[in-house]
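Participant: File name my_file25.pdb; file contents PDB, C-alpha atoms, pLDDT in the B column; full text below.
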ATOM      1  CA  MET A  21      -4.238  54.722   2.717  1.00 72.00           C
ATOM      2  CA  ALA A  22      -3.433  54.499  -0.992  1.00 85.00           C
ATOM      3  CA  GLU A  23      -4.114  51.410  -3.065  1.00 89.00           C
ATOM      4  CA  PRO A  24      -0.947  49.395  -3.785  1.00 86.00           C
ATOM      5  CA  THR A  25       0.412  49.616  -7.306  1.00 91.00           C
ATOM      6  CA  TYR A  26       0.600  46.676  -9.671  1.00 91.00           C
ATOM      7  CA  GLU A  27       4.367  46.474  -9.157  1.00 90.00           C
ATOM      8  CA  GLU A  28       3.969  46.420  -5.351  1.00 88.00           C
ATOM      9  CA  LEU A  29       1.366  43.660  -5.546  1.00 89.00           C
ATOM     10  CA  LYS A  30       3.532  41.660  -7.936  1.00 89.00           C
ATOM     11  CA  ALA A  31       6.556  41.985  -5.643  1.00 90.00           C
ATOM     12  CA  ARG A  32       4.482  40.944  -2.625  1.00 90.00           C
ATOM     13  CA  LEU A  33       3.148  37.896  -4.489  1.00 90.00           C
ATOM     14  CA  GLU A  34       6.678  36.839  -5.464  1.00 87.00           C
ATOM     15  CA  GLU A  35       7.776  37.243  -1.841  1.00 87.00           C
ATOM     16  CA  LEU A  36       4.919  35.053  -0.608  1.00 86.00           C
ATOM     17  CA  GLU A  37       5.604  32.395  -3.246  1.00 81.00           C
ATOM     18  CA  LYS A  38       9.270  32.221  -2.205  1.00 78.00           C
ATOM     19  CA  LYS A  39       8.234  31.907   1.425  1.00 76.00           C
ATOM     20  CA  LYS A  40       5.744  29.132   0.604  1.00 69.00           C
ATOM     21  CA  THR A  41       8.244  27.111  -1.411  1.00 60.00           C
ATOM     22  CA  GLY A  42      10.816  27.583   1.349  1.00 54.00           C
ATOM     23  CA  GLN A  43       8.523  25.864   3.830  1.00 51.00           C
ATOM     24  CA  ARG A  44       8.360  22.760   1.628  1.00 56.00           C
ATOM     25  CA  SER A  45      12.111  22.325   1.931  1.00 60.00           C
ATOM     26  CA  GLY A  46      11.733  20.009   4.908  1.00 73.00           C
ATOM     27  CA  ALA A  47      12.183  22.666   7.559  1.00 89.00           C
ATOM     28  CA  LEU A  48      10.208  21.972  10.713  1.00 93.00           C
ATOM     29  CA  GLU A  49       7.993  24.615  12.250  1.00 93.00           C
ATOM     30  CA  PHE A  50       6.495  24.564  15.742  1.00 95.00           C
ATOM     31  CA  ARG A  51       3.259  26.287  16.734  1.00 95.00           C
ATOM     32  CA  VAL A  52       1.074  26.408  19.826  1.00 96.00           C
ATOM     33  CA  GLY A  53      -2.574  25.745  18.982  1.00 94.00           C
ATOM     34  CA  GLU A  54      -5.716  27.278  20.462  1.00 94.00           C
ATOM     35  CA  LYS A  55      -6.158  24.375  22.871  1.00 95.00           C
ATOM     36  CA  GLY A  56      -2.566  24.484  24.117  1.00 96.00           C
ATOM     37  CA  GLY A  57      -1.099  21.672  22.055  1.00 97.00           C
ATOM     38  CA  VAL A  58       2.236  21.947  20.276  1.00 97.00           C
ATOM     39  CA  SER A  59       2.048  21.191  16.565  1.00 97.00           C
ATOM     40  CA  VAL A  60       5.007  20.256  14.374  1.00 96.00           C
ATOM     41  CA  TYR A  61       4.636  21.190  10.720  1.00 94.00           C
ATOM     42  CA  GLY A  62       6.866  19.871   7.962  1.00 92.00           C
ATOM     43  CA  LEU A  63       6.933  16.155   8.747  1.00 92.00           C
ATOM     44  CA  GLY A  64       4.174  15.265   6.327  1.00 91.00           C
ATOM     45  CA  ARG A  65       0.935  16.502   4.866  1.00 91.00           C
ATOM     46  CA  PHE A  66      -0.647  17.143   8.273  1.00 95.00           C
ATOM     47  CA  PRO A  67       0.881  18.502  11.469  1.00 95.00           C
ATOM     48  CA  VAL A  68       1.668  16.290  14.442  1.00 97.00           C
ATOM     49  CA  THR A  69       0.040  17.735  17.569  1.00 97.00           C
ATOM     50  CA  LEU A  70       0.658  16.633  21.141  1.00 98.00           C
ATOM     51  CA  TYR A  71       0.258  18.295  24.520  1.00 98.00           C
ATOM     52  CA  TYR A  72       3.238  19.274  26.675  1.00 97.00           C
ATOM     53  CA  GLU A  73       3.183  16.130  28.814  1.00 98.00           C
ATOM     54  CA  GLN A  74       2.976  13.925  25.720  1.00 98.00           C
ATOM     55  CA  TRP A  75       5.983  15.627  24.123  1.00 97.00           C
ATOM     56  CA  ILE A  76       7.992  15.195  27.331  1.00 97.00           C
ATOM     57  CA  ARG A  77       7.090  11.473  27.525  1.00 98.00           C
ATOM     58  CA  LEU A  78       8.071  11.010  23.879  1.00 97.00           C
ATOM     59  CA  LEU A  79      11.344  12.913  24.260  1.00 97.00           C
ATOM     60  CA  ASP A  80      12.213  10.893  27.366  1.00 97.00           C
ATOM     61  CA  ARG A  81      12.006   7.724  25.250  1.00 98.00           C
ATOM     62  CA  THR A  82      14.153   8.984  22.363  1.00 97.00           C
ATOM     63  CA  GLU A  83      16.784   6.261  22.767  1.00 98.00           C
ATOM     64  CA  ASP A  84      14.116   3.538  22.881  1.00 98.00           C
ATOM     65  CA  LEU A  85      12.458   4.923  19.760  1.00 97.00           C
ATOM     66  CA  ARG A  86      15.746   5.040  17.852  1.00 97.00           C
ATOM     67  CA  ALA A  87      16.531   1.454  18.861  1.00 98.00           C
ATOM     68  CA  PHE A  88      13.035   0.310  17.834  1.00 98.00           C
ATOM     69  CA  LEU A  89      13.380   1.997  14.449  1.00 96.00           C
ATOM     70  CA  GLU A  90      16.752   0.358  13.805  1.00 97.00           C
ATOM     71  CA  GLU A  91      15.478  -3.085  14.863  1.00 97.00           C
ATOM     72  CA  ASN A  92      12.509  -2.793  12.508  1.00 97.00           C
ATOM     73  CA  LYS A  93      14.178  -0.945   9.643  1.00 94.00           C
ATOM     74  CA  GLY A  94      13.651  -3.880   7.276  1.00 94.00           C
ATOM     75  CA  LYS A  95       9.872  -3.762   7.805  1.00 95.00           C
ATOM     76  CA  LEU A  96       9.538   0.000   7.478  1.00 94.00           C
ATOM     77  CA  LYS A  97       8.733   1.959   4.357  1.00 92.00           C
ATOM     78  CA  LEU A  98      11.711   4.180   3.614  1.00 91.00           C
ATOM     79  CA  LYS A  99      11.739   7.124   1.248  1.00 84.00           C
ATOM     80  CA  ASP A 100      14.512   5.548  -0.847  1.00 76.00           C
ATOM     81  CA  GLN A 101      12.384   2.466  -1.595  1.00 60.00           C
TER      82      GLN A 101
END
Take the structure in the file and write it out as structure tokens.
Facilitator:
Amino acid sequence: MAEPTYEELKARLEELEKKKTGQRSGALEFRVGEKGGVSVYGLGRFPVTLYYEQWIRLLDRTEDLRAFLEENKGKLKLKDQ
């Protein structure tokens, strides 16, 4: 296999940089970890990882969570503040 040329390496680097900056756009990404947990990337600096049953419990309480957030909005740190 031949060594890549300078131009090929430069193009590949530009492609990777575009991909990296695209991930910082707020898009969420889901991955299954080695231990079987589901991680959500893109919410903050670190991923949020829960197991299947935990995700289901959380999703089942979506309405309660939304109501709680609205009730406590004045106490919460918001990005606009």
Participant: Going by the chain IDs and residue numbers used in this file, which residues fall under the PyMOL selection byres ((chain A and resi 49) around 8)? Write them as a PyMOL selection string.
Facilitator: chain A and resi 47-48+50-51+60-62
Participant: Tell me which protein, DNA and RNA residues are within 12 Å of Gly53 (chain A), counting all atoms listed in the file, leaving out same-chain ones fewer than 3 positions away, and put them as a PyMOL selection string.
Facilitator: chain A and resi 50+56-61+67-72
Participant: In Å to one decimal, how far is CA of Met21 (chain A) from CA of Glu37 (chain A)?
Facilitator: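 The value is 25.1 Å.
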Participant: State, in Å with one decimal place, the distance from CA of Leu33 (chain A) to CA of Val52 (chain A).
Facilitator: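 Between CA of Leu33 (chain A) and CA of Val52 (chain A) the gap works out to 27.0 Å.
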Participant: Would you compute the distance between CA of Gly46 (chain A) and CA of Asp100 (chain A)? Give it in Å to one decimal.
Facilitator: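 Spanning CA of Gly46 (chain A) to CA of Asp100 (chain A) is a straight-line distance of 15.8 Å.
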